[in-house]
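start-v1.cif (mmCIF, C-alpha atoms and all ligand atoms) appears below.
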data_target
#
loop_
_atom_site.label_atom_id
_atom_site.label_comp_id
_atom_site.auth_asym_id
_atom_site.auth_seq_id
_atom_site.Cartn_x
_atom_site.Cartn_y
_atom_site.Cartn_z
CA MET L 111 51.49 9.32 34.44
CA LYS L 112 49.86 5.94 34.84
CA ASP L 113 50.70 3.72 37.72
CA PHE L 114 51.67 0.64 35.78
CA CYS L 115 54.86 -1.35 35.48
CA PRO L 116 56.13 -2.62 32.15
CA TYR L 117 58.29 -5.72 31.91
CA ILE L 118 59.57 -7.95 29.11
CA THR L 119 57.47 -11.11 28.83
CA ASN L 120 58.90 -14.42 27.67
CA ASP L 121 58.42 -13.73 23.95
CA GLY L 122 60.20 -10.35 23.93
CA SER L 123 57.06 -8.22 23.98
CA VAL L 124 56.19 -5.85 26.80
CA GLY L 125 53.61 -6.81 29.40
CA LEU L 126 52.02 -4.43 31.88
CA TYR L 127 51.14 -4.82 35.51
CA SER L 128 48.62 -2.41 37.03
CA LYS L 129 49.22 -1.37 40.63
CA GLU L 130 45.72 0.05 40.78
CA PHE L 131 44.05 -3.25 39.81
CA ASN L 132 46.81 -5.43 41.27
CA ASP L 133 46.54 -7.37 38.05
CA ILE L 134 48.50 -8.08 34.89
CA TYR L 135 47.24 -6.87 31.51
CA HIS L 136 49.02 -9.56 29.54
CA SER L 137 50.22 -13.12 29.80
CA THR L 138 53.74 -13.51 31.19
CA PHE L 139 54.26 -16.31 28.68
CA GLY L 140 54.18 -13.64 25.95
CA ALA L 141 51.97 -10.59 25.59
CA TYR L 142 52.08 -10.69 21.79
CA ALA L 143 51.93 -14.51 21.62
CA GLU L 144 48.77 -14.40 23.72
CA ALA L 145 47.10 -12.07 21.20
CA CYS L 146 48.08 -14.36 18.32
CA GLU L 147 47.00 -17.59 19.98
CA LYS L 148 43.84 -16.54 21.79
CA PHE L 149 42.44 -14.04 19.33
CA VAL L 150 43.93 -13.91 15.87
CA LEU L 151 44.74 -17.54 14.98
CA PRO L 152 41.31 -18.86 16.05
CA ALA L 153 39.65 -16.00 14.13
CA ASP L 154 40.24 -17.78 10.77
CA ILE L 155 41.10 -14.54 9.02
CA ASP L 156 41.63 -16.40 5.74
CA PHE L 157 37.91 -17.16 5.68
CA TYR L 158 37.09 -13.45 5.95
CA MET L 159 39.70 -12.46 3.41
CA GLN L 160 38.18 -14.88 0.94
CA ASN L 161 34.53 -14.06 1.58
CA PHE L 162 34.27 -10.42 2.58
CA SER L 163 35.33 -7.32 0.69
CA GLU L 164 35.44 -5.40 3.98
CA ILE L 165 36.40 -7.00 7.28
CA ASN L 166 35.18 -5.06 10.31
CA VAL L 167 36.91 -5.78 13.58
CA LEU L 168 35.84 -4.60 17.02
CA ASP L 169 38.73 -4.61 19.50
CA ILE L 170 37.09 -4.29 22.92
CA CYS L 171 39.69 -3.26 25.49
CA TYR L 172 42.43 -2.25 23.08
CA GLY L 173 44.93 -1.42 25.89
CA ILE L 174 48.29 -1.25 24.16
CA GLY L 175 46.79 -2.90 21.12
CA TYR L 176 48.25 -6.38 20.86
CA ASN L 177 45.11 -7.90 19.37
CA SER L 178 44.83 -5.23 16.69
CA LYS L 179 48.58 -5.36 16.05
CA SER L 180 48.51 -9.11 15.65
CA PHE L 181 45.52 -8.87 13.32
CA LEU L 182 47.21 -6.15 11.22
CA ASN L 183 50.44 -8.14 11.12
CA PHE L 184 48.56 -11.20 9.88
CA PHE L 185 46.68 -9.21 7.26
CA PHE L 186 49.66 -7.31 5.89
CA GLU L 187 51.86 -10.37 5.85
CA LYS L 188 49.42 -11.90 3.36
CA PHE L 189 48.92 -8.62 1.61
CA PHE L 190 52.59 -8.00 0.95
CA LYS L 191 54.12 -11.44 0.69
CA LYS L 192 51.66 -13.80 -0.90
CA ASN L 193 49.54 -11.64 -3.11
CA VAL L 194 51.90 -9.11 -4.53
CA ASN L 195 53.61 -9.59 -7.86
CA VAL L 196 56.25 -7.37 -9.30
CA ASN L 197 56.04 -6.77 -13.04
CA ARG L 198 58.95 -6.18 -15.38
CA HIS L 199 58.85 -2.42 -14.81
CA ASN L 200 59.20 -3.06 -11.12
CA ASP L 201 55.82 -1.62 -10.38
CA THR L 202 53.78 -3.48 -7.87
CA ILE L 203 50.65 -5.10 -9.21
CA TYR L 204 48.20 -6.80 -6.95
CA SER L 205 47.47 -10.06 -8.61
CA ASP L 206 44.26 -11.14 -6.98
CA ASN L 207 41.34 -9.80 -5.12
CA ILE L 208 43.22 -9.33 -1.87
CA SER L 209 44.17 -5.86 -3.00
CA SER L 210 40.53 -4.90 -2.96
CA ARG L 211 40.04 -6.12 0.61
CA LYS L 212 39.54 -3.39 3.16
CA ILE L 213 39.91 -3.76 6.86
CA TYR L 214 38.42 -1.53 9.48
CA ILE L 215 39.17 -1.70 13.21
CA LYS L 216 37.17 0.01 15.91
CA ALA L 217 39.40 0.08 18.99
CA VAL L 218 37.78 0.85 22.34
CA ASP L 219 39.35 1.46 25.72
CA THR L 220 38.73 3.81 28.63
CA ASP L 221 42.44 4.59 28.95
CA LYS L 222 43.75 7.25 26.58
CA GLU L 223 47.30 7.07 27.90
CA LEU L 224 47.60 3.39 27.05
CA ILE L 225 46.20 4.00 23.58
CA PHE L 226 48.73 6.79 23.00
CA LEU L 227 51.59 4.61 24.20
CA SER L 228 50.49 1.58 22.20
CA PRO L 229 52.73 2.01 19.11
CA PHE L 230 55.88 2.55 21.17
CA PHE L 231 56.19 -0.54 23.30
CA THR L 232 58.50 -3.09 21.75
CA CYS L 233 57.27 -6.52 20.65
CA ASN L 234 60.74 -7.57 19.60
CA ALA L 235 63.11 -7.21 22.55
CA LYS L 236 66.18 -9.37 21.99
CA HIS L 237 67.24 -9.58 25.64
CA LYS L 238 65.66 -9.16 29.00
CA PRO L 239 67.08 -6.27 31.00
CA GLU L 240 69.48 -7.41 33.76
CA ASN L 241 67.22 -6.22 36.47
CA GLN L 242 63.66 -6.21 35.23
CA ASN L 243 62.29 -5.05 38.55
CA LEU L 244 59.39 -7.43 38.17
CA PRO L 245 56.22 -6.08 39.72
CA THR L 246 54.80 -9.08 41.61
CA GLU L 247 55.81 -12.52 42.79
CA LYS L 248 53.24 -14.00 40.47
CA VAL L 249 55.07 -12.50 37.49
CA GLU L 250 58.52 -13.34 38.87
CA HIS L 251 57.49 -16.94 39.19
CA LEU L 252 56.42 -17.18 35.53
CA CYS L 253 59.03 -15.00 33.87
CA THR L 254 61.95 -17.00 32.53
CA GLY L 255 65.43 -15.53 32.05
CA LYS L 256 65.52 -15.86 28.28
CA ILE L 257 63.37 -14.83 25.37
CA GLU L 258 61.58 -17.43 23.26
CA LYS L 259 59.84 -15.79 20.37
CA GLN L 260 56.83 -17.65 19.04
CA TYR L 261 55.42 -15.30 16.39
CA ASP L 262 56.81 -12.63 14.11
CA TYR L 263 55.92 -9.02 14.56
CA ASP L 264 56.84 -6.54 11.85
CA ASN L 265 57.67 -3.17 13.42
CA PHE L 266 56.29 -1.31 10.43
CA ILE L 267 52.87 -1.84 12.06
CA ASN L 268 53.98 0.65 14.75
CA TYR L 269 54.41 3.31 12.06
CA LEU L 270 50.91 2.67 10.78
CA LEU L 271 49.46 3.06 14.25
CA ILE L 272 51.42 6.26 14.87
CA GLU L 273 50.02 7.72 11.64
CA LYS L 274 46.47 6.68 12.51
CA LEU L 275 46.72 8.02 16.06
CA ALA L 276 47.93 11.34 14.65
CA GLU L 277 44.88 11.35 12.35
CA ASN L 278 42.45 10.44 15.14
CA PHE L 279 43.69 12.75 17.89
CA PRO L 280 44.72 16.37 17.32
CA ASP L 281 46.72 16.29 20.59
CA PHE L 282 48.66 13.09 19.86
CA LEU L 283 51.61 14.86 18.27
CA ASN L 284 51.54 17.78 20.69
CA SER L 285 51.36 15.90 23.91
CA ASP L 286 54.36 15.19 26.14
CA PHE L 287 53.19 11.79 27.38
CA LEU L 288 56.02 10.01 25.61
CA GLU L 289 58.73 12.34 26.88
CA LEU L 290 57.50 11.75 30.42
CA TYR L 291 58.01 8.03 30.02
CA LEU L 292 61.31 8.29 28.24
CA ARG L 293 62.64 10.52 30.98
CA GLU L 294 62.32 7.60 33.36
CA LYS L 295 65.38 5.61 32.35
CA ASP L 296 64.13 2.20 33.34
CA LYS L 297 60.95 2.66 31.29
CA SER L 298 62.79 3.57 28.09
CA LEU L 299 64.08 -0.02 27.98
CA PHE L 300 60.64 -1.08 26.88
CA PHE L 301 60.24 1.18 23.87
CA ASP L 302 60.75 0.60 20.18
CA ASN L 303 63.35 3.25 19.34
CA ALA L 304 62.48 3.45 15.68
CA GLY L 305 58.85 4.18 16.56
CA VAL L 306 59.96 6.95 18.90
CA LYS L 307 62.15 8.47 16.19
CA TYR L 308 59.34 8.28 13.67
CA TYR L 309 57.03 10.02 16.13
CA ARG L 310 59.58 12.82 16.56
CA PHE L 311 59.91 13.06 12.81
CA LEU L 312 56.15 13.54 12.46
CA GLN L 313 56.19 16.10 15.26
CA LYS L 314 58.81 18.12 13.41
CA LYS L 315 56.95 17.77 10.16
CA ARG L 316 53.84 19.15 11.84
CA MET L 317 55.64 22.07 13.41
CA SER L 318 55.10 25.10 11.28
CA GLY L 319 58.30 26.55 9.95
CA ALA L 320 60.25 23.28 10.06
CA SER L 321 62.66 23.62 7.21
CA VAL L 322 62.83 20.96 4.53
CA ARG L 323 66.52 20.65 5.27
CA SER L 324 65.99 19.77 8.93
CA LEU L 325 63.33 17.26 7.97
CA ASN L 326 65.65 15.65 5.48
CA ALA L 327 68.39 15.45 8.07
CA LEU L 328 66.03 13.72 10.42
CA LEU L 329 64.83 11.32 7.77
CA HIS L 330 68.45 10.63 6.89
CA ASN L 331 69.09 9.64 10.51
CA ILE L 332 66.15 7.34 10.40
CA TYR L 333 67.62 5.65 7.34
CA TYR L 334 70.89 5.27 9.20
CA LEU L 335 69.05 3.45 11.91
CA ASN L 336 68.31 0.84 9.31
CA ILE L 337 64.58 1.25 9.22
CA SER L 338 64.10 2.55 5.72
CA SER L 339 62.43 -0.62 4.50
CA ARG L 340 59.94 -0.42 7.33
CA TYR L 341 59.26 3.19 6.57
CA LYS L 342 58.72 2.47 2.89
CA LYS L 343 56.46 -0.44 3.67
CA ALA L 344 54.33 1.69 5.99
CA GLN L 345 54.08 4.44 3.38
CA LYS L 346 53.03 1.90 0.77
CA ALA L 347 50.39 0.42 3.07
CA LEU L 348 49.03 3.88 3.80
CA LYS L 349 48.96 4.79 0.14
CA MET L 350 47.07 1.62 -0.73
CA ASP L 351 44.40 2.82 1.66
CA VAL L 352 43.31 -0.68 2.61
CA PHE L 353 42.84 -0.22 6.30
CA ASN L 354 41.55 2.19 8.87
CA ILE L 355 41.40 2.24 12.64
CA ASP L 356 39.20 4.47 14.79
CA TYR L 357 39.79 4.89 18.48
CA TYR L 358 37.03 5.37 21.06
CA ILE L 359 38.11 6.37 24.54
CA GLU L 360 35.07 5.43 26.59
CA ASP L 361 33.17 2.62 28.21
CA ALA L 362 32.69 -0.06 25.56
CA ARG L 363 29.01 -0.33 26.52
CA LYS L 364 28.47 3.27 25.45
CA THR L 365 30.43 2.82 22.21
CA LEU L 366 28.32 -0.13 21.20
CA MET L 367 24.99 1.37 22.19
CA GLU L 368 25.73 4.27 19.86
CA ASP L 369 27.10 2.12 17.06
CA ASN L 370 25.19 0.64 14.15
CA LYS L 371 28.00 -1.26 12.48
CA ILE L 372 28.10 -5.03 11.98
CA TYR L 373 31.39 -6.77 12.77
CA GLN L 374 32.87 -9.94 11.39
CA LEU L 375 35.33 -10.23 14.29
CA ILE L 376 35.00 -9.12 17.89
CA PHE L 377 37.94 -9.46 20.29
CA LEU L 378 36.81 -9.27 23.91
CA ASP L 379 39.85 -8.75 26.12
CA ALA L 380 38.49 -7.13 29.27
CA PHE L 381 40.02 -7.64 32.71
CA THR L 382 38.78 -10.82 34.39
CA PRO L 383 35.00 -11.08 34.92
CA GLU L 384 35.46 -10.60 38.68
CA LYS L 385 37.21 -7.25 38.03
CA CYS L 386 35.23 -5.91 35.08
CA PRO L 387 31.82 -7.71 35.09
CA CYS L 388 30.17 -4.91 33.07
CA LEU L 389 31.81 -6.28 29.90
CA TRP L 390 30.84 -9.89 30.67
CA SER L 391 27.13 -9.54 31.46
CA VAL L 392 24.37 -11.32 29.55
CA ASP L 393 23.01 -7.88 28.61
CA PHE L 394 26.33 -6.75 27.12
CA PHE L 395 26.47 -10.04 25.20
CA LYS L 396 22.95 -9.39 23.84
CA LEU L 397 24.26 -6.07 22.58
CA LEU L 398 27.21 -7.86 20.97
CA HIS L 399 24.73 -10.24 19.35
CA LYS L 400 23.13 -7.30 17.51
CA HIS L 401 26.53 -6.25 16.19
CA LEU L 402 27.88 -9.60 15.06
CA ASP L 403 27.68 -10.66 11.44
CA GLU L 404 25.76 -13.90 10.77
CA ASN L 405 29.17 -15.36 9.87
CA GLY L 406 31.09 -13.49 12.53
CA ARG L 407 33.09 -14.68 15.53
CA ILE L 408 33.57 -13.36 19.05
CA LEU L 409 36.84 -14.50 20.61
CA THR L 410 37.76 -14.27 24.25
CA TYR L 411 40.28 -15.78 26.64
CA SER L 412 37.75 -16.65 29.37
CA ASN L 413 36.91 -20.30 30.03
CA SER L 414 34.47 -19.52 32.79
CA ALA L 415 31.15 -21.39 33.05
CA ARG L 416 29.43 -18.11 33.93
CA ILE L 417 30.66 -16.44 30.78
CA ARG L 418 29.82 -19.37 28.51
CA ASN L 419 26.34 -19.58 30.00
CA ALA L 420 25.83 -15.85 29.41
CA PHE L 421 26.82 -16.22 25.75
CA LEU L 422 24.32 -19.09 25.37
CA ALA L 423 21.57 -17.08 27.06
CA ALA L 424 22.32 -14.14 24.74
CA GLY L 425 21.58 -16.37 21.73
CA PHE L 426 25.02 -17.53 20.55
CA TYR L 427 26.41 -20.95 19.79
CA VAL L 428 29.38 -21.42 22.07
CA GLY L 429 32.58 -23.44 21.72
CA LYS L 430 36.12 -23.65 23.03
CA ILE L 431 39.35 -22.31 21.61
CA TYR L 432 42.05 -24.97 21.33
CA ASN L 433 45.70 -23.98 21.38
CA GLU L 434 47.59 -26.49 19.28
CA ARG L 435 51.01 -25.40 20.47
CA ALA L 436 50.13 -25.71 24.15
CA GLY L 437 47.73 -28.63 23.68
CA ASN L 438 44.98 -27.13 25.84
CA PHE L 439 41.84 -25.02 25.70
CA THR L 440 42.56 -21.34 26.13
CA GLY L 441 39.29 -19.50 25.63
CA THR L 442 35.79 -19.31 24.26
CA ILE L 443 34.31 -18.59 20.87
CA ALA L 444 30.72 -17.33 20.39
CA VAL L 445 29.07 -17.40 16.95
CA LYS L 446 25.74 -17.32 15.13
CA ASN L 447 26.76 -19.90 12.53
CA LYS L 448 26.98 -23.24 14.35
CA SER L 449 29.34 -24.76 11.78
CA PHE L 450 32.13 -22.45 13.06
CA ILE L 451 32.30 -24.36 16.33
CA LYS L 452 35.31 -26.63 15.96
CA TYR L 453 35.58 -27.65 19.62
CA PRO L 454 32.13 -27.92 21.22
CA LEU L 455 31.57 -27.65 24.97
CA SER L 456 31.92 -31.03 26.66
CA ASP L 457 29.33 -32.78 28.82
CA TYR L 458 31.35 -31.57 31.84
CA ASP L 459 31.33 -27.93 30.64
CA LEU L 460 27.58 -28.00 29.98
CA ARG L 461 26.75 -29.54 33.33
CA LEU L 462 29.03 -27.13 35.18
CA MET L 463 27.14 -24.26 33.54
CA LYS L 464 23.95 -25.55 35.16
CA THR L 465 25.41 -25.18 38.67
CA ARG L 466 25.78 -21.96 40.63
CA ALA L 467 29.06 -21.40 38.76
CA GLY L 468 26.96 -20.67 35.66
CA ILE L 469 24.91 -17.85 37.18
CA PHE L 470 25.81 -14.90 34.99
CA TYR L 471 26.13 -11.15 35.55
CA ARG L 472 23.22 -8.86 34.75
CA ASP L 473 23.26 -5.23 33.71
CA GLU L 474 19.88 -4.53 32.08
CA ASN L 475 20.40 -0.82 31.51
CA LEU L 476 24.04 -1.25 30.50
CA ASN L 477 25.21 1.39 32.94
CA THR L 478 25.53 -0.41 36.28
CA LEU L 479 28.75 0.01 38.27
CA ASN L 480 31.01 -3.03 38.49
CA GLU L 481 30.62 -3.22 42.29
CA ALA L 482 26.82 -3.30 42.02
CA ILE L 483 26.93 -6.01 39.33
CA ILE L 484 29.17 -8.14 41.55
CA ALA L 485 26.98 -7.61 44.62
CA ARG L 486 23.82 -8.63 42.77
CA ASN L 487 25.48 -11.72 41.33
CA LYS L 488 26.79 -12.72 44.76
CA PHE L 489 23.29 -12.41 46.18
CA GLU L 490 21.83 -14.53 43.36
CA VAL L 491 24.49 -17.20 43.78
CA GLU L 492 24.07 -17.37 47.55
CA ASN L 493 20.30 -17.67 47.28
CA SER L 494 20.18 -20.06 44.34
CA PRO L 495 18.61 -23.54 44.63
CA LEU L 496 21.20 -24.83 42.10
CA MET L 497 23.95 -27.23 43.09
CA SER L 498 27.28 -25.67 44.04
CA SER L 499 30.11 -26.18 41.59
CA SER L 500 32.29 -27.94 44.17
CA LYS L 501 29.55 -30.48 44.89
CA PHE L 502 29.05 -31.03 41.16
CA ILE L 503 32.79 -31.53 40.58
CA LYS L 504 32.95 -34.11 43.39
CA GLU L 505 29.95 -36.00 42.01
CA TYR L 506 31.26 -35.83 38.47
CA ARG L 507 34.61 -37.28 39.54
CA LYS L 508 32.91 -40.09 41.42
CA GLU L 509 30.69 -40.85 38.42
CA HIS L 510 33.72 -41.07 36.18
CA GLN L 511 35.79 -43.17 38.57
CA ASN L 512 33.07 -45.78 38.47
CA VAL L 513 32.92 -45.94 34.69
C1 LIG E 601 43.42 -6.90 29.92
S1 LIG E 601 43.56 -5.22 29.47
C2 LIG E 601 43.50 -5.30 27.71
C3 LIG E 601 44.82 -5.62 27.07
C4 LIG E 601 44.86 -5.22 25.63
N1 LIG E 601 44.02 -6.00 24.76
C5 LIG E 601 46.28 -5.12 25.10
O1 LIG E 601 46.57 -5.69 24.04
O2 LIG E 601 47.09 -4.44 25.73
C6 LIG E 601 41.97 -4.56 29.84
C7 LIG E 601 41.71 -3.17 29.33
O3 LIG E 601 40.34 -2.86 29.57
C8 LIG E 601 40.22 -1.45 29.67
N2 LIG E 601 38.86 -1.20 30.25
C9 LIG E 601 38.45 -1.36 31.53
N3 LIG E 601 37.12 -1.10 31.63
C10 LIG E 601 36.67 -0.79 30.38
C11 LIG E 601 35.40 -0.43 29.82
N4 LIG E 601 34.30 -0.38 30.59
N5 LIG E 601 35.32 -0.17 28.50
C12 LIG E 601 36.43 -0.23 27.71
N6 LIG E 601 37.66 -0.57 28.19
C13 LIG E 601 37.78 -0.84 29.49
C14 LIG E 601 41.41 -1.09 30.54
O4 LIG E 601 41.76 0.26 30.38
C15 LIG E 601 42.49 -2.05 30.00
O5 LIG E 601 43.29 -1.42 29.04
#
Output the file's structure as structure tokens, nothing else.
Ligand SMILES: C[S@@+](CC[C@H](N)C(=O)[O-])C[C@H]1O[C@@H](n2cnc3c(N)ncnc32)[C@H](O)[C@@H]1O
Amino acid sequence: MKDFCPYITNDGSVGLYSKEFNDIYHSTFGAYAEACEKFVLPADIDFYMQNFSEINVLDICYGIGYNSKSFLNFFFEKFFKKNVNVNRHNDTIYSDNISSRKIYIKAVDTDKELIFLSPFFTCNAKHKPENQNLPTEKVEHLCTGKIEKQYDYDNFINYLLIEKLAENFPDFLNSDFLELYLREKDKSLFFDNAGVKYYRFLQKKRMSGASVRSLNALLHNIYYLNISSRYKKAQKALKMDVFNIDYYIEDARKTLMEDNKIYQLIFLDAFTPEKCPCLWSVDFFKLLHKHLDENGRILTYSNSARIRNAFLAAGFYVGKIYNERAGNFTGTIAVKNKSFIKYPLSDYDLRLMKTRAGIFYRDENLNTLNEAIIARNKFEVENSPLMSSSKFIKEYRKEHQNV
């Protein structure tokens, strides 16, 4: 079992802390809210729904899938609520071209266990457990006592993911990974019970010899748990056959080198550049460039000068992501179509990128170990004739005090 600690973040979704990396996977403010605000809202999905018959999404570092979940939630909300009419015979007719939209997600992560657990963690906890056993002081400091939900999450998405995982992995329904977690009492607090029950239902269905009567009894229990509408919605979405998700459990560099698909949206949610530089190098970005649609967008949470400079050097136009709720910049967008840049880099950002802080990671063969990438970058920074970032910041402040 993985050495990570789950906890309820401030929006009622589960965040993870990794002991191995001594790092959090998700924002304490809200794991699900972070996915919505940093990835899905700035992606302008409406534009793609209007202009593309198939939207291809690449979710780099899927983890427990918040970015894909948020994207699916956004898509299906439109699909079911705004574009569905019911005719007098009570049959559903899809009134406009949204019904012919297809979405495809390629989800990549090195961690199979996280991918398998992804549909079971709750996004909708109503309360925080009395004793959350928070993993680090950093998290304790930022975790408030109560839940403030910012964005809706429809649990039926969990059912879809369970179905797709069962399709993708022959061992998903046979494995005991879930039981191992549920056996640990404190961990079960973080699971979506209906998802767990649905998983068990599918397991039974798969088991040869399961009688129809026992399946019906199980389904009946599920109905009693008040999830029938979710179940029906998931079945309808699956029947409509409008989306697919494929999982790749490997280094994202390998996945992309062997891929020839073009993506309209790329979510890049790797650990920080200092921890996982192989997914932030100029060479990886050049590879992303080959896979991005002329009207595509790459979204990421990093505001670093080094990362922005690498995107520029790889041939993208680069801008900032503005979070209207928080009133600040919370990431970077890289595109081929300049008109998609709503918040351009400022004079300060551009000048900072020309200091040592802008010296980017290199990984020409796309197979260098993280430690070696860091060591080379450190050497280049230490031996660079460029101004240090601290000197630049001092000078910039002085310049602006005098204005
Ligand atoms: C910040 S977490 C991603 C969080 C995720 N988007 C979510 O919603 O839970 C970073 C993820 O990167 C994965 N990872 C680390 N190195 C990788 C690599 N070279 N290729 C693909 N995934 C990698 C880790 O397993 C981890 O799940």
Can you tell me, as a PDB file with C-alpha atoms, keeping the file's coordinate frame, what residues are no more than 8 Å from Lys129 of chain L when counting all atoms listed in the file, ignoring any on the same chain fewer than 3 positions away?
ATOM      1  CA  ASP L 113      50.700   3.720  37.720  1.00  0.00           C
ATOM      2  CA  PHE L 114      51.670   0.640  35.780  1.00  0.00           C
ATOM      3  CA  CYS L 115      54.860  -1.350  35.480  1.00  0.00           C
ATOM      4  CA  ASN L 132      46.810  -5.430  41.270  1.00  0.00           C
ATOM      5  CA  ASP L 133      46.540  -7.370  38.050  1.00  0.00           C
TER       6      ASP L 133
END
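Shortest atom-to-atom contact with ligand LIG 601 (chain E) among L:Asn419, L:Asn370, L:Asn166, L:Ser137: L:Ser137, counting only C-alpha atoms and all ligand atoms.
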Open item on the list: Taking all atoms listed in the file into account, name the residue in L:Gly255, L:Pro152, L:Gly305, L:Pro383 that is nearest to ligand LIG 601 (chain E).
Closed with: L:Pro383
Open item on the list: Residues within 12 Å of Met463 of chain L, please, as a ChimeraX atom specification. Count all atoms listed in the file; anything in the same chain fewer than 3 positions from it doesn't count.
Closed with: /L:413-423,455-460,466-470,496-499,502-503
Draw an axis-aligned box over all listed atoms of ligand LIG 601 (chain E), pad each side with 6 Å, and write its centre and edge lengths in Å, one decimal, as lines of an AutoDock Vina configuration file.
center_x = 40.7
center_y = -3.3
center_z = 27.8
size_x = 24.8
size_y = 19.2
size_z = 19.6
